[in-house]
Amino acid sequence: MTPGPAPAASLDESVAALFPDVTSDVARRLIASAVDCFATRGYHGTTTRDISEGAGLSPAALYVHFSTKEQVLFQCSLVGHQGVLTAIRAAVSEHTAPADRLRELVRAFTLWHARYHTMCRVAQYELSALTPEHHETVAVIRRDTERFVREEIQRGVDSGDFVVPEVSSAALAILSMGIDVARWFQPGRADPATLADHYAALATAMVTGT
């Protein structure tokens with residue numbers, strides 16, 4: 001059975017810590033509350049009052065730190081997408097064999113979407129609410145991520161380690177598998193590290209046929 005959407009979770013592990021450039025503790029609390037609200041109610045169903053009150057602040061507190069509700073969503077989307085790209089680049093950096101690089105890439109990609117499932121769900125599924133300018137900023141990172149995965153698969157094809165009918169399709173399949181973790185993951189349902197290992201093995205088998 002395909003798992004349905006996860007109910008809104010209590011905040012992922014250390015979501016606020018993903019925003020080191022946001023120096024105000026109040027602003028980080030607002031971001032963390034916004035992530036939870038957007039995941040629960042959707043962007044359009046969330047009011048600025050919801051976000052402020054979720055952070056234990058007065059209804060108008062959000063506007064002291066952010067110009068609009070969309071600006072908060074953009075920060076969530078930007079950090080989520082930048083974070084996962086940084087994570088997969090770091091994951092492959094100490095490996096040379098194509099299979100090892102892909103395995104570590106998928107492990108890191110899956111682990112990120114499990115650990116930060118609530119924020120990733122918002123970042124992935126509320127993109128249409130961004131302004132055109134902000135949407136394009138995030139889209140550039142998404143294209144960079146997809147290109148990075150394609151290049152890793154192509155590396156294995158060129159070396160003879162991987163056999164896939166079409167590199168782009170293989171990359172999309174692997175990315176989709178990891179992204180979907182954010183939709184269904186719930187704390188206690190699966191261990192993030194174990195899940196990441198399983199997905200890494202599945203992806204490796206997909207491209208090597210073993």
# chains A, B, ... in the order shown; residues from 1 in each chain; ligands from 1
>>> closest_atom_pairs(of="region 22-95 of chain A", to="region 149-153 of chain A", cutoff="12 Å", atoms="only C-alpha atoms", output="CSV")
residue,atom,partner,partner_atom,distance
A:Leu85,CA,A:Val149,CA,9.9
A:Ile88,CA,A:Val149,CA,9.0
A:Arg89,CA,A:Val149,CA,9.7
A:Val92,CA,A:Glu152,CA,9.3
A:Ser93,CA,A:Glu152,CA,11.6
A:His95,CA,A:Glu152,CA,11.6
>>> write_last_selection(atoms="N, CA and C atoms", output="short mmCIF file (atom, residue, chain, number, x, y, z; two decimals), in the first residue's frame")
data_model
loop_
_atom_site.label_atom_id
_atom_site.label_comp_id
_atom_site.auth_asym_id
_atom_site.auth_seq_id
_atom_site.Cartn_x
_atom_site.Cartn_y
_atom_site.Cartn_z
N LEU A 85 21.68 19.93 -1.50
CA LEU A 85 22.72 19.94 -2.53
C LEU A 85 24.11 19.94 -1.87
N ILE A 88 24.83 16.33 -0.51
CA ILE A 88 25.21 15.26 -1.45
C ILE A 88 26.58 15.54 -2.07
N ARG A 89 26.93 16.80 -2.24
CA ARG A 89 28.28 17.10 -2.73
C ARG A 89 29.33 16.66 -1.73
N VAL A 92 29.95 12.65 -1.56
CA VAL A 92 30.74 11.95 -2.58
C VAL A 92 32.20 12.37 -2.58
N SER A 93 32.53 13.40 -1.85
CA SER A 93 33.84 14.04 -2.00
C SER A 93 35.03 13.14 -1.66
N HIS A 95 35.17 9.84 -2.16
CA HIS A 95 35.09 8.56 -2.87
C HIS A 95 35.40 8.76 -4.35
#
>>> select_by_dssp(residues="region 15-150 of chain A", states="helix (DSSP H, G or I)", output="ChimeraX atom specification")
/A:16-18,25-41,48-54,62-65,69-92,98-115,117-125,127-129,132-150
>>> closest_atom_pairs(of="region 100-167 of chain A", to="region 81-84 of chain A", cutoff="12 Å", atoms="only C-alpha atoms", output="JSON lines")
{"residue": "A:Leu105", "atom": "CA", "partner": "A:Val84", "partner_atom": "CA", "distance": 10.1}
{"residue": "A:Val106", "atom": "CA", "partner": "A:Val84", "partner_atom": "CA", "distance": 10.8}
{"residue": "A:Arg107", "atom": "CA", "partner": "A:Val84", "partner_atom": "CA", "distance": 11.3}
{"residue": "A:Ala108", "atom": "CA", "partner": "A:Val84", "partner_atom": "CA", "distance": 8.0}
{"residue": "A:Phe109", "atom": "CA", "partner": "A:Val84", "partner_atom": "CA", "distance": 6.4}
{"residue": "A:Thr110", "atom": "CA", "partner": "A:Val84", "partner_atom": "CA", "distance": 9.4}
{"residue": "A:Leu111", "atom": "CA", "partner": "A:Val84", "partner_atom": "CA", "distance": 9.5}
{"residue": "A:Trp112", "atom": "CA", "partner": "A:Val84", "partner_atom": "CA", "distance": 6.4}
{"residue": "A:His113", "atom": "CA", "partner": "A:Val84", "partner_atom": "CA", "distance": 8.2}
{"residue": "A:Ala114", "atom": "CA", "partner": "A:Val84", "partner_atom": "CA", "distance": 11.4}
{"residue": "A:Arg115", "atom": "CA", "partner": "A:Val84", "partner_atom": "CA", "distance": 11.2}
{"residue": "A:Tyr116", "atom": "CA", "partner": "A:Val84", "partner_atom": "CA", "distance": 10.0}
{"residue": "A:His117", "atom": "CA", "partner": "A:Val84", "partner_atom": "CA", "distance": 11.8}
{"residue": "A:Met119", "atom": "CA", "partner": "A:His81", "partner_atom": "CA", "distance": 10.0}
{"residue": "A:Cys120", "atom": "CA", "partner": "A:His81", "partner_atom": "CA", "distance": 8.2}
{"residue": "A:Arg121", "atom": "CA", "partner": "A:His81", "partner_atom": "CA", "distance": 11.2}
{"residue": "A:Val122", "atom": "CA", "partner": "A:His81", "partner_atom": "CA", "distance": 10.9}
{"residue": "A:Ala123", "atom": "CA", "partner": "A:His81", "partner_atom": "CA", "distance": 7.4}
{"residue": "A:Gln124", "atom": "CA", "partner": "A:His81", "partner_atom": "CA", "distance": 8.7}
{"residue": "A:Leu127", "atom": "CA", "partner": "A:His81", "partner_atom": "CA", "distance": 11.2}
{"residue": "A:His135", "atom": "CA", "partner": "A:His81", "partner_atom": "CA", "distance": 11.7}
{"residue": "A:Thr137", "atom": "CA", "partner": "A:His81", "partner_atom": "CA", "distance": 10.3}
{"residue": "A:Val138", "atom": "CA", "partner": "A:His81", "partner_atom": "CA", "distance": 7.1}
{"residue": "A:Ala139", "atom": "CA", "partner": "A:His81", "partner_atom": "CA", "distance": 9.2}
{"residue": "A:Val140", "atom": "CA", "partner": "A:His81", "partner_atom": "CA", "distance": 9.8}
{"residue": "A:Ile141", "atom": "CA", "partner": "A:His81", "partner_atom": "CA", "distance": 6.5}
{"residue": "A:Arg142", "atom": "CA", "partner": "A:His81", "partner_atom": "CA", "distance": 6.9}
{"residue": "A:Arg143", "atom": "CA", "partner": "A:His81", "partner_atom": "CA", "distance": 10.5}
{"residue": "A:Asp144", "atom": "CA", "partner": "A:Gln82", "partner_atom": "CA", "distance": 9.9}
{"residue": "A:Thr145", "atom": "CA", "partner": "A:Val84", "partner_atom": "CA", "distance": 8.4}
{"residue": "A:Glu146", "atom": "CA", "partner": "A:His81", "partner_atom": "CA", "distance": 11.4}
{"residue": "A:Phe148", "atom": "CA", "partner": "A:Val84", "partner_atom": "CA", "distance": 11.7}
>>> atom_distance(atom1="CA of His65 (chain A)", atom2="CA of Arg183 (chain A)")
29.1 Å
>>> closest_residue(among="A:Val64, A:Leu73, A:Val35, A:Val157", to="Ala129 (chain A)", atoms="only C-alpha atoms")
A:Leu73
>>> atom_distance(atom1="CA of Asp50 (chain A)", atom2="CA of Ala27 (chain A)")
14.6 Å
>>> atom_distance(atom1="CA of Phe38 (chain A)", atom2="CA of Thr68 (chain A)")
14.2 Å
>>> closest_residue(among="A:His44, A:Gln154, A:Phe185, A:Ile51", to="Ser169 (chain A)", atoms="only C-alpha atoms")
A:Gln154
>>> closest_residue(among="A:Glu126, A:Phe19, A:Asp25, A:Gly56", to="Thr40 (chain A)", atoms="only C-alpha atoms")
A:Glu126
>>> closest_residue(among="A:Lys69, A:Leu175, A:Tyr125, A:Leu57", to="Arg147 (chain A)", atoms="only C-alpha atoms")
A:Leu175
>>> closest_residue(among="A:Glu94, A:Asp191, A:Glu70, A:Asp36", to="Glu133 (chain A)", atoms="only C-alpha atoms")
A:Glu70
>>> closest_residue(among="A:Ala32, A:Arg49, A:Thr118, A:Thr131", to="Gln186 (chain A)", atoms="only C-alpha atoms")
A:Thr118
>>> residues_around(residues="Gly54 (chain A)", least_positions_apart="5", cutoff="8 Å", atoms="only C-alpha atoms", output="list in words")
Leu30, Ser33, Ala34 and Cys37 of chain A
